[in-house]
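S.K.: What follows is the file entry-v4.cif, containing mmCIF, C-alpha atoms:
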```cif
data_input
#
loop_
_atom_site.label_atom_id
_atom_site.label_comp_id
_atom_site.auth_asym_id
_atom_site.auth_seq_id
_atom_site.Cartn_x
_atom_site.Cartn_y
_atom_site.Cartn_z
CA MET A 1 30.42 40.61 -59.05
CA LYS A 2 31.77 38.04 -56.57
CA LYS A 3 32.47 40.79 -54.06
CA ILE A 4 28.87 42.05 -54.28
CA TYR A 5 27.58 38.47 -53.79
CA TYR A 6 29.68 37.91 -50.67
CA LEU A 7 28.65 41.25 -49.24
CA PHE A 8 25.01 40.28 -49.82
CA ILE A 9 25.46 36.95 -47.99
CA ILE A 10 27.27 38.64 -45.09
CA SER A 11 24.50 41.23 -44.78
CA ILE A 12 21.87 38.48 -44.59
CA LEU A 13 23.80 36.52 -41.96
CA SER A 14 24.47 39.67 -39.95
CA GLY A 15 20.79 40.53 -39.98
CA ALA A 16 19.91 36.96 -39.02
CA CYS A 17 21.86 37.38 -35.82
CA SER A 18 19.22 39.73 -34.51
CA GLN A 19 16.92 37.81 -32.19
CA TYR A 20 14.42 40.65 -32.04
CA SER A 21 13.60 40.84 -35.73
CA ASN A 22 10.47 39.17 -37.10
CA SER A 23 11.64 39.03 -40.69
CA PRO A 24 11.28 35.55 -42.26
CA VAL A 25 15.07 35.19 -42.67
CA ASN A 26 15.76 36.12 -39.04
CA VAL A 27 13.02 33.91 -37.65
CA GLY A 28 14.11 30.98 -39.80
CA PHE A 29 17.72 31.39 -38.68
CA HIS A 30 16.80 31.45 -34.97
CA ASN A 31 14.27 28.64 -35.28
CA LEU A 32 16.96 26.40 -36.76
CA ASN A 33 19.61 27.29 -34.18
CA ALA A 34 17.23 27.20 -31.23
CA LYS A 35 15.92 23.77 -32.17
CA TYR A 36 19.17 21.93 -32.92
CA ASN A 37 21.71 23.82 -30.80
CA ALA A 38 19.61 24.12 -27.63
CA TYR A 39 16.06 22.78 -27.43
CA TRP A 40 16.71 19.39 -29.06
CA GLN A 41 19.75 18.72 -26.87
CA ALA A 42 17.96 19.87 -23.71
CA ASN A 43 14.94 17.69 -24.50
CA LEU A 44 17.19 14.67 -25.07
CA LEU A 45 18.95 15.24 -21.74
CA LEU A 46 15.60 15.58 -19.95
CA LYS A 47 14.31 12.31 -21.42
CA GLU A 48 17.49 10.55 -20.31
CA ALA A 49 17.10 11.91 -16.77
CA GLN A 50 13.42 10.95 -16.63
CA LYS A 51 14.20 7.42 -17.84
CA LYS A 52 16.94 7.05 -15.24
CA LEU A 53 14.57 8.19 -12.48
CA PHE A 54 11.87 5.78 -13.70
CA ASP A 55 14.27 2.83 -13.98
CA SER A 56 15.82 3.46 -10.55
CA ARG A 57 12.50 3.87 -8.72
CA ASN A 58 11.89 1.77 -5.62
CA ASP A 59 8.29 0.62 -5.87
CA ASN A 60 6.67 -0.89 -2.78
CA TYR A 61 4.14 -3.32 -4.25
CA SER A 62 2.49 -3.91 -0.89
CA GLN A 63 1.24 -0.31 -1.06
CA ILE A 64 -0.81 1.36 -3.81
CA LEU A 65 1.67 2.52 -6.43
CA PRO A 66 1.51 6.25 -7.15
CA ILE A 67 0.43 6.78 -10.78
CA LEU A 68 3.36 9.14 -11.33
CA ILE A 69 6.75 8.65 -9.69
CA PRO A 70 6.75 11.24 -6.87
CA THR A 71 9.52 13.82 -6.98
CA ASP A 72 12.31 13.08 -4.55
CA SER A 73 15.34 15.27 -3.93
CA ILE A 74 17.53 12.26 -3.07
CA SER A 75 16.69 10.46 -6.33
CA ALA A 76 17.03 13.71 -8.25
CA GLY A 77 20.58 13.94 -6.94
CA SER A 78 21.52 11.03 -9.19
CA VAL A 79 20.53 13.04 -12.27
CA LYS A 80 21.51 16.50 -11.04
CA THR A 81 24.15 16.87 -13.74
CA GLN A 82 21.63 16.12 -16.50
CA LEU A 83 18.97 18.40 -15.02
CA ASP A 84 21.43 21.27 -14.63
CA ALA A 85 22.46 20.72 -18.25
CA VAL A 86 18.80 20.81 -19.34
CA ILE A 87 18.34 24.21 -17.69
CA LYS A 88 21.60 25.53 -19.13
CA LYS A 89 20.88 24.32 -22.68
CA ALA A 90 17.24 25.40 -22.72
CA SER A 91 18.16 28.81 -21.30
CA LEU A 92 20.23 29.47 -24.43
CA VAL A 93 16.98 29.83 -26.37
CA ALA A 94 15.83 32.64 -24.07
CA GLU A 95 19.25 34.28 -24.17
CA ARG A 96 19.95 34.08 -27.91
CA HIS A 97 16.76 33.21 -29.80
CA GLN A 98 13.93 35.35 -28.45
CA ASN A 99 12.09 35.30 -31.78
CA SER A 100 12.23 31.50 -32.09
CA LYS A 101 9.10 29.35 -31.99
CA TRP A 102 10.99 27.05 -29.59
CA LEU A 103 11.17 29.68 -26.84
CA ASP A 104 7.98 28.56 -25.04
CA ASP A 105 8.88 24.86 -25.30
CA SER A 106 12.31 25.60 -23.85
CA TYR A 107 10.80 27.36 -20.85
CA VAL A 108 8.63 24.26 -20.28
CA LEU A 109 11.77 22.08 -20.25
CA ILE A 110 13.37 24.42 -17.71
CA GLY A 111 10.25 24.21 -15.53
CA ILE A 112 10.18 20.39 -15.66
CA ALA A 113 13.86 20.17 -14.73
CA ARG A 114 13.25 22.48 -11.76
CA LEU A 115 10.20 20.44 -10.76
CA LEU A 116 12.21 17.20 -10.75
CA LYS A 117 14.86 18.93 -8.59
CA GLU A 118 12.03 19.91 -6.20
CA ASP A 119 12.79 23.57 -6.85
CA PHE A 120 9.04 24.11 -6.69
CA LYS A 121 9.03 27.90 -6.34
CA ASN A 122 11.01 28.50 -9.53
CA ALA A 123 9.23 25.67 -11.36
CA VAL A 124 5.84 27.22 -10.62
CA GLU A 125 7.03 30.68 -11.69
CA THR A 126 8.38 29.22 -14.95
CA PHE A 127 5.13 27.45 -15.85
CA LYS A 128 3.10 30.55 -14.99
CA TYR A 129 5.40 32.64 -17.16
CA VAL A 130 4.84 30.31 -20.13
CA ASN A 131 1.09 30.63 -19.66
CA THR A 132 1.41 34.42 -19.61
CA ILE A 133 3.69 35.05 -22.58
CA SER A 134 3.09 32.12 -24.93
CA ASP A 135 1.11 32.28 -28.15
CA ASP A 136 1.53 28.53 -28.60
CA ASP A 137 -1.54 26.79 -27.15
CA ASN A 138 0.20 23.40 -26.98
CA ALA A 139 3.14 24.81 -25.02
CA LYS A 140 0.77 26.67 -22.68
CA ASP A 141 -1.24 23.49 -22.09
CA LYS A 142 1.89 21.45 -21.43
CA GLY A 143 3.07 24.07 -18.96
CA LEU A 144 -0.29 24.05 -17.15
CA ILE A 145 -0.22 20.26 -16.87
CA GLN A 146 3.22 20.45 -15.28
CA LEU A 147 2.04 23.32 -13.07
CA MET A 148 -0.75 21.08 -11.82
CA ARG A 149 1.78 18.38 -11.01
CA ALA A 150 4.00 20.88 -9.17
CA TYR A 151 1.09 21.73 -6.87
CA ILE A 152 0.27 18.03 -6.36
CA GLU A 153 3.84 17.29 -5.29
CA GLN A 154 3.54 20.09 -2.73
CA GLU A 155 0.19 18.61 -1.57
CA ASP A 156 -1.60 21.81 -2.58
CA TYR A 157 -4.48 19.82 -4.03
CA GLN A 158 -6.92 22.72 -4.06
CA THR A 159 -4.75 24.84 -6.36
CA ALA A 160 -3.95 21.79 -8.49
CA GLY A 161 -7.70 21.29 -8.90
CA ARG A 162 -8.14 24.87 -10.07
CA VAL A 163 -5.48 24.37 -12.74
CA ALA A 164 -7.25 21.18 -13.80
CA GLU A 165 -10.47 23.14 -14.26
CA LEU A 166 -8.67 25.55 -16.59
CA LEU A 167 -7.34 22.64 -18.65
CA ARG A 168 -10.77 21.05 -18.93
CA GLU A 169 -11.86 23.98 -21.09
CA GLU A 170 -8.93 23.61 -23.49
CA PRO A 171 -8.98 21.63 -26.77
CA LEU A 172 -5.91 19.50 -25.98
CA ASN A 173 -3.86 17.61 -28.53
CA ASP A 174 -3.47 13.84 -28.02
CA GLU A 175 -0.19 14.06 -26.10
CA ASN A 176 -1.39 16.78 -23.76
CA LEU A 177 -4.76 15.06 -23.28
CA ARG A 178 -2.98 11.86 -22.23
CA ASP A 179 -0.68 13.71 -19.82
CA PHE A 180 -3.59 15.75 -18.43
CA TYR A 181 -5.63 12.61 -17.73
CA ILE A 182 -2.68 10.86 -16.08
CA THR A 183 -1.87 13.89 -13.91
CA LYS A 184 -5.50 14.42 -12.95
CA ALA A 185 -5.87 10.73 -12.06
CA TYR A 186 -2.73 11.15 -9.94
CA LEU A 187 -4.32 14.15 -8.19
CA HIS A 188 -7.43 12.17 -7.24
CA GLN A 189 -5.33 9.16 -6.21
CA GLN A 190 -3.28 11.32 -3.84
CA LYS A 191 -6.57 12.58 -2.37
CA LYS A 192 -7.66 8.93 -2.01
CA GLU A 193 -10.55 9.55 -4.40
CA TYR A 194 -9.96 6.20 -6.03
CA LYS A 195 -13.31 5.94 -7.80
CA THR A 196 -12.64 9.14 -9.74
CA SER A 197 -9.02 8.19 -10.35
CA VAL A 198 -9.79 4.81 -11.95
CA ALA A 199 -12.60 6.34 -14.03
CA ILE A 200 -10.10 8.80 -15.53
CA LEU A 201 -7.54 6.05 -16.11
CA GLU A 202 -10.09 3.97 -18.05
CA GLU A 203 -10.24 6.86 -20.53
CA THR A 204 -6.47 7.23 -20.55
CA PHE A 205 -5.22 3.73 -21.42
CA PRO A 206 -6.25 3.92 -25.12
CA LEU A 207 -4.07 7.05 -25.43
CA MET A 208 -0.97 5.34 -24.04
CA LYS A 209 1.69 3.37 -25.89
CA LYS A 210 2.44 -0.20 -24.84
CA ASN A 211 5.39 0.08 -22.43
CA GLU A 212 6.41 -0.42 -18.81
CA GLN A 213 4.89 2.88 -17.69
CA LYS A 214 1.49 1.79 -19.01
CA ALA A 215 1.92 -1.63 -17.36
CA ARG A 216 2.73 0.07 -14.05
CA ILE A 217 -0.34 2.31 -14.23
CA HIS A 218 -2.51 -0.74 -14.99
CA PHE A 219 -1.10 -2.26 -11.78
CA ALA A 220 -1.93 0.86 -9.74
CA CYS A 221 -5.41 0.86 -11.28
CA GLY A 222 -5.89 -2.78 -10.24
CA GLN A 223 -4.82 -1.93 -6.69
CA MET A 224 -7.35 0.90 -6.48
CA TYR A 225 -10.12 -1.33 -7.80
CA GLU A 226 -9.25 -3.81 -5.03
CA VAL A 227 -9.73 -1.09 -2.42
CA LEU A 228 -13.06 -0.21 -4.06
CA GLY A 229 -14.13 -3.87 -3.86
CA SER A 230 -14.30 -4.30 -7.67
CA MET A 231 -12.31 -7.54 -7.82
CA GLU A 232 -13.17 -8.41 -11.43
CA ARG A 233 -11.92 -5.03 -12.68
CA ALA A 234 -8.82 -5.44 -10.49
CA MET A 235 -8.06 -8.83 -12.07
CA TYR A 236 -8.65 -7.38 -15.55
CA HIS A 237 -6.02 -4.68 -14.97
CA TYR A 238 -3.56 -7.13 -13.43
CA ASP A 239 -3.97 -9.21 -16.60
CA GLN A 240 -3.26 -6.10 -18.67
CA VAL A 241 0.08 -5.63 -16.89
CA ARG A 242 1.68 -8.63 -18.60
CA LYS A 243 0.39 -7.42 -22.00
CA ASN A 244 2.25 -4.12 -21.76
CA ARG A 245 5.92 -5.10 -21.42
CA PRO A 246 6.33 -5.00 -17.63
CA SER A 247 9.60 -5.50 -15.79
CA TYR A 248 10.00 -8.96 -14.28
CA ASP A 249 9.11 -7.76 -10.78
CA LEU A 250 6.04 -5.85 -11.99
CA GLY A 251 4.79 -8.89 -13.91
CA PHE A 252 5.45 -11.12 -10.91
CA TYR A 253 3.43 -8.95 -8.53
CA ALA A 254 0.57 -8.69 -11.03
CA ASN A 255 0.42 -12.52 -11.21
CA LEU A 256 0.72 -12.70 -7.43
CA ASN A 257 -2.17 -10.31 -6.89
CA ASN A 258 -4.30 -12.21 -9.39
CA SER A 259 -3.64 -15.47 -7.53
CA LEU A 260 -4.49 -13.70 -4.28
CA LEU A 261 -7.82 -12.48 -5.64
CA LYS A 262 -8.70 -15.93 -6.99
CA GLY A 263 -7.93 -17.37 -3.55
CA THR A 264 -6.53 -20.64 -4.89
CA THR A 265 -3.27 -22.31 -3.87
CA GLU A 266 -2.45 -23.53 -7.38
CA GLY A 267 -1.19 -20.15 -8.53
CA PHE A 268 0.96 -19.73 -5.42
CA GLN A 269 2.51 -23.19 -5.72
CA LYS A 270 3.35 -22.51 -9.36
CA LEU A 271 5.06 -19.26 -8.40
CA LEU A 272 6.96 -20.95 -5.54
CA SER A 273 8.23 -23.71 -7.80
CA ASP A 274 9.61 -21.28 -10.39
CA SER A 275 13.35 -20.91 -9.72
CA LYS A 276 13.26 -17.35 -11.10
CA ASN A 277 11.11 -16.39 -8.08
CA LYS A 278 13.60 -17.62 -5.47
CA ASP A 279 14.28 -14.09 -4.23
CA LEU A 280 10.56 -13.29 -4.20
CA GLN A 281 9.29 -16.19 -2.13
CA ASP A 282 8.73 -13.90 0.86
CA LYS A 283 6.06 -12.04 -1.11
CA ILE A 284 4.39 -15.28 -2.17
CA TYR A 285 4.13 -16.41 1.45
CA GLU A 286 2.84 -12.97 2.43
CA ALA A 287 0.09 -13.31 -0.20
CA MET A 288 -0.72 -16.81 1.08
CA ALA A 289 -1.05 -15.29 4.55
CA SER A 290 -3.58 -12.83 3.13
CA VAL A 291 -5.68 -15.71 1.81
CA GLU A 292 -5.66 -17.31 5.26
CA GLU A 293 -6.61 -13.95 6.78
CA ARG A 294 -9.64 -13.76 4.49
CA LYS A 295 -10.60 -17.25 5.64
CA ASN A 296 -10.41 -15.93 9.24
CA ASN A 297 -7.62 -18.38 10.05
CA PRO A 298 -5.18 -16.46 12.31
CA ASP A 299 -2.91 -19.46 12.89
CA GLY A 300 -2.47 -20.00 9.15
CA THR A 301 -1.94 -16.27 8.68
CA SER A 302 0.76 -16.24 11.35
CA LYS A 303 2.43 -19.33 9.89
CA TYR A 304 2.80 -17.84 6.40
CA LEU A 305 3.83 -14.39 7.67
CA ASN A 306 6.64 -15.97 9.68
CA GLU A 307 7.64 -17.98 6.61
CA SER A 308 7.69 -14.71 4.69
CA ILE A 309 10.11 -13.23 7.24
CA ARG A 310 12.30 -16.34 7.02
CA LYS A 311 12.52 -16.03 3.23
CA ASN A 312 12.85 -12.24 3.19
CA THR A 313 15.56 -10.71 0.99
CA ASN A 314 14.28 -7.13 0.99
CA THR A 315 14.59 -5.33 4.32
CA ALA A 316 12.37 -2.49 3.03
CA GLN A 317 9.39 -4.87 3.15
CA LEU A 318 10.11 -6.23 6.63
CA PRO A 319 8.46 -3.49 8.73
CA PHE A 320 5.14 -4.03 6.93
CA ILE A 321 5.25 -7.77 7.64
CA TYR A 322 6.13 -7.04 11.28
CA LEU A 323 3.18 -4.67 11.46
CA LYS A 324 0.81 -7.35 10.13
CA LEU A 325 2.08 -9.80 12.72
CA ALA A 326 1.79 -7.16 15.44
CA ASP A 327 -1.85 -6.44 14.54
CA LEU A 328 -2.61 -10.16 14.25
CA ASN A 329 -1.16 -10.99 17.67
CA TYR A 330 -2.84 -8.01 19.28
CA GLU A 331 -6.30 -8.24 17.71
CA LYS A 332 -6.80 -11.93 16.95
CA LEU A 333 -4.43 -14.01 19.06
CA GLN A 334 -4.30 -11.74 22.15
CA ASN A 335 -0.55 -12.37 22.47
CA TYR A 336 0.14 -8.85 23.74
CA GLU A 337 3.83 -9.27 24.62
CA ILE A 338 4.58 -10.72 21.18
CA ALA A 339 2.50 -7.95 19.60
CA ALA A 340 4.52 -5.31 21.47
CA ALA A 341 7.78 -6.83 20.24
CA TYR A 342 6.56 -6.74 16.64
CA TYR A 343 5.39 -3.13 17.03
CA ASP A 344 8.88 -2.24 18.31
CA SER A 345 10.47 -3.95 15.29
CA THR A 346 8.10 -2.08 12.99
CA ALA A 347 8.91 1.30 14.56
CA ALA A 348 12.64 0.64 14.20
CA LEU A 349 12.45 -0.04 10.45
CA ILE A 350 9.43 1.72 8.93
CA PRO A 351 10.08 5.00 7.06
CA PRO A 352 8.96 7.91 9.32
CA LYS A 353 6.80 9.48 6.59
CA ASP A 354 4.90 6.26 5.82
CA PRO A 355 1.19 6.60 6.69
CA GLN A 356 1.34 3.38 8.73
CA ALA A 357 4.22 4.58 10.90
CA LYS A 358 1.81 6.04 13.50
CA LYS A 359 0.36 2.58 14.16
CA SER A 360 3.68 1.34 15.49
CA ILE A 361 4.20 4.20 17.95
#
```
I'd like the structure from this file rewritten - as structure tokens, please.
M.R.:
Amino acid sequence: MKKIYYLFIISILSGACSQYSNSPVNVGFHNLNAKYNAYWQANLLLKEAQKKLFDSRNDNYSQILPILIPTDSISAGSVKTQLDAVIKKASLVAERHQNSKWLDDSYVLIGIARLLKEDFKNAVETFKYVNTISDDDNAKDKGLIQLMRAYIEQEDYQTAGRVAELLREEPLNDENLRDFYITKAYLHQQKKEYKTSVAILEETFPLMKKNEQKARIHFACGQMYEVLGSMERAMYHYDQVRKNRPSYDLGFYANLNNSLLKGTTEGFQKLLSDSKNKDLQDKIYEAMASVEERKNNPDGTSKYLNESIRKNTNTAQLPFIYLKLADLNYEKLQNYEIAAAYYDSTAALIPPKDPQAKKSI
């Protein structure tokens, strides 16, 4: 009797090894193995890589923050091992568990890892493949959202827009709806369509959890409202930054921008007197210079910009201060030789791909 029982168990397990069978036992076996031996581990590795990329980002608060952290091959190099492991682990589902319900989700993970590595061609092909073969609407929608982002990162905004139109017709779950809104707002921000971008973000914030990512997007939203001339909405979103667990720097710049919009010296003096802001005094003086600029006081503007340079601890910010001084001396003070020197300093330090680099040439 025991022998018959063991033979029965062995026959079940042997049959379960077939990844092409749709029997309940086979599917259950491959669902379990695909989830815990491949998909779950790959997903965990991807989240770790994404968190590392987010935490190591180098935000320039003097420029409008991109809603999503742009892909960057240099930054991706720091998480190459994790991303390669994501692709390897997730690929096991395709190799060994074809009948698993986690197959489509695993392909999405592979596509995201390739996207973060800036392997755009293979990322796009992966997301398109998911859309073609998947019977899981949620996986298809997630793949399309990532496909849209892949086109945005390649500055193919027209194709990204066409993908967005497809997604608009889909009944998205809460997670996909949130990610779709964020990615679409990012698309319009990259096209400098700030009015549309902030309108989408206003619908997105209720779908987001309270965390640093949400705080950062509130900051970007405030910056765009400033450009649009909606100062009250800008101040509202800067206030929301501190309510959503920002990093110290993010909270500092939100307070700084609020003080700048209010145009009072009290907020600046309070920030200057706080010992925790010792390494950020250059930004406070730069903001004070902006207040003087709005008052049409070029001498005061120049004074605080030079003080900002004197207190500077972040060389990445220096070229933008030099550029402000160059423009000020050229346009307002007519000190052309000094302006030329500042333009030279700007050209030597500003990143070549920065939109303002052409001004210093």
S.K.: Decode the PyMOL selection byres ((chain A and resi 41) around 12) for the given file into explicit residues and return them as a VMD selection string.
M.R.: chain A and resid 33 to 40 42 to 48 82 to 83 85 to 93 106 109
S.K.: Where does the PyMOL selection byres ((chain A and resi 321-329) around 8) land in this file, that is, which residues does it pick, as a list of chain:residue names?
M.R.: A:Glu286, A:Pro298, A:Ser302, A:Leu305, A:Ser308, A:Ile309, A:Gln317, A:Leu318, A:Pro319, A:Phe320, A:Tyr330, A:Glu331, A:Lys332, A:Leu333, A:Gln334, A:Asn335, A:Tyr336, A:Ile338, A:Ala339, A:Ala340, A:Ala341, A:Tyr342, A:Tyr343, A:Ser345, A:Thr346, A:Ser360
S.K.: Carefully work through the PyMOL selection byres ((chain A and resi 60-67) around 7) for this structure and note down the residues it includes, as a PyMOL selection string.
M.R.: chain A and resi 58-59+68-69+186+217+220+223
S.K.: Write to file, as a tab-separated table (two decimals), in the coordinates of the input, the residues of the selection just made, with C-alpha atoms.
M.R.:
```tsv
chain	number	residue	atom	x	y	z
A	58	ASN	CA	11.89	1.77	-5.62
A	59	ASP	CA	8.29	0.62	-5.87
A	68	LEU	CA	3.36	9.14	-11.33
A	69	ILE	CA	6.75	8.65	-9.69
A	186	TYR	CA	-2.73	11.15	-9.94
A	217	ILE	CA	-0.34	2.31	-14.23
A	220	ALA	CA	-1.93	0.86	-9.74
A	223	GLN	CA	-4.82	-1.93	-6.69
```
S.K.: Could you give me, as a ChimeraX atom specification, the residues within 8 Å of A:Glu118, counting only C-alpha atoms and dropping anything in the same chain fewer than 3 positions from it?
M.R.: /A:71-73,114-115
S.K.: I'd like the interatomic distance between atom CA of A:Ser275 and atom CA of A:Leu260, to a tenth of an Å.
M.R.: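 Computing it gives 20.0 Å between the two atoms.
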S.K.: Counting all atoms listed in the file, figure out which residue out of A:Asp274, A:Asp84, A:Asp55, A:Asp282 gets nearest to A:Ala113.
M.R.: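 Nearest to A:Ala113: A:Asp84.
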S.K.: What's the separation between atom CA of A:Glu293 and atom CA of A:Phe268, in Å to one decimal place?
M.R.: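 Interatomic distance here is 15.5 Å.
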S.K.: Point out the residue among A:Gln158, A:Thr81, A:Asn296, A:Thr126 with the least atom-to-atom distance to A:Gln146, counting all atoms listed in the file.
M.R.: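 So, comparing all the options, the nearest one is A:Thr126.
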S.K.: Applying 9 Å and all atoms listed in the file, which residues near stretch 190-197 of chain A remain after dropping the ones on its own chain fewer than 6 positions away? List them as a list in words.
M.R.: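 Within the cut-off, the hits are Pro66, Ile152, Glu155, Tyr157, Ile182, Lys184, Cys221, Met224, Tyr225, Val227 and Leu228 of chain A.
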S.K.: One decimal, in Å: what's the spacing between atom CA of A:Asp137 and atom CA of A:Lys210?
M.R.: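 These atoms are spaced 27.4 Å apart.
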S.K.: Please list as a list in words every residue within 9 Å of A:Phe205, counting all atoms listed in the file and excluding residues in the same chain fewer than 6 positions away.
M.R.: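 Counting all atoms listed in the file, the residues come to Arg178, Lys214, Ile217 and His218 of chain A.
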S.K.: May I have the residues within 10 Å of A:Gln281 as number ranges by chain, using all atoms listed in the file and disregarding those fewer than 2 positions away in the same chain?
M.R.: A: 268, 271-279, 283-287, 307-313
S.K.: Pick out the residues sitting within 9 Å of A:Ser78, and hand them over as a PyMOL selection string; count all atoms listed in the file, and ignore anything fewer than 5 positions along from it in its own chain.
M.R.: chain A and resi 49+52-53
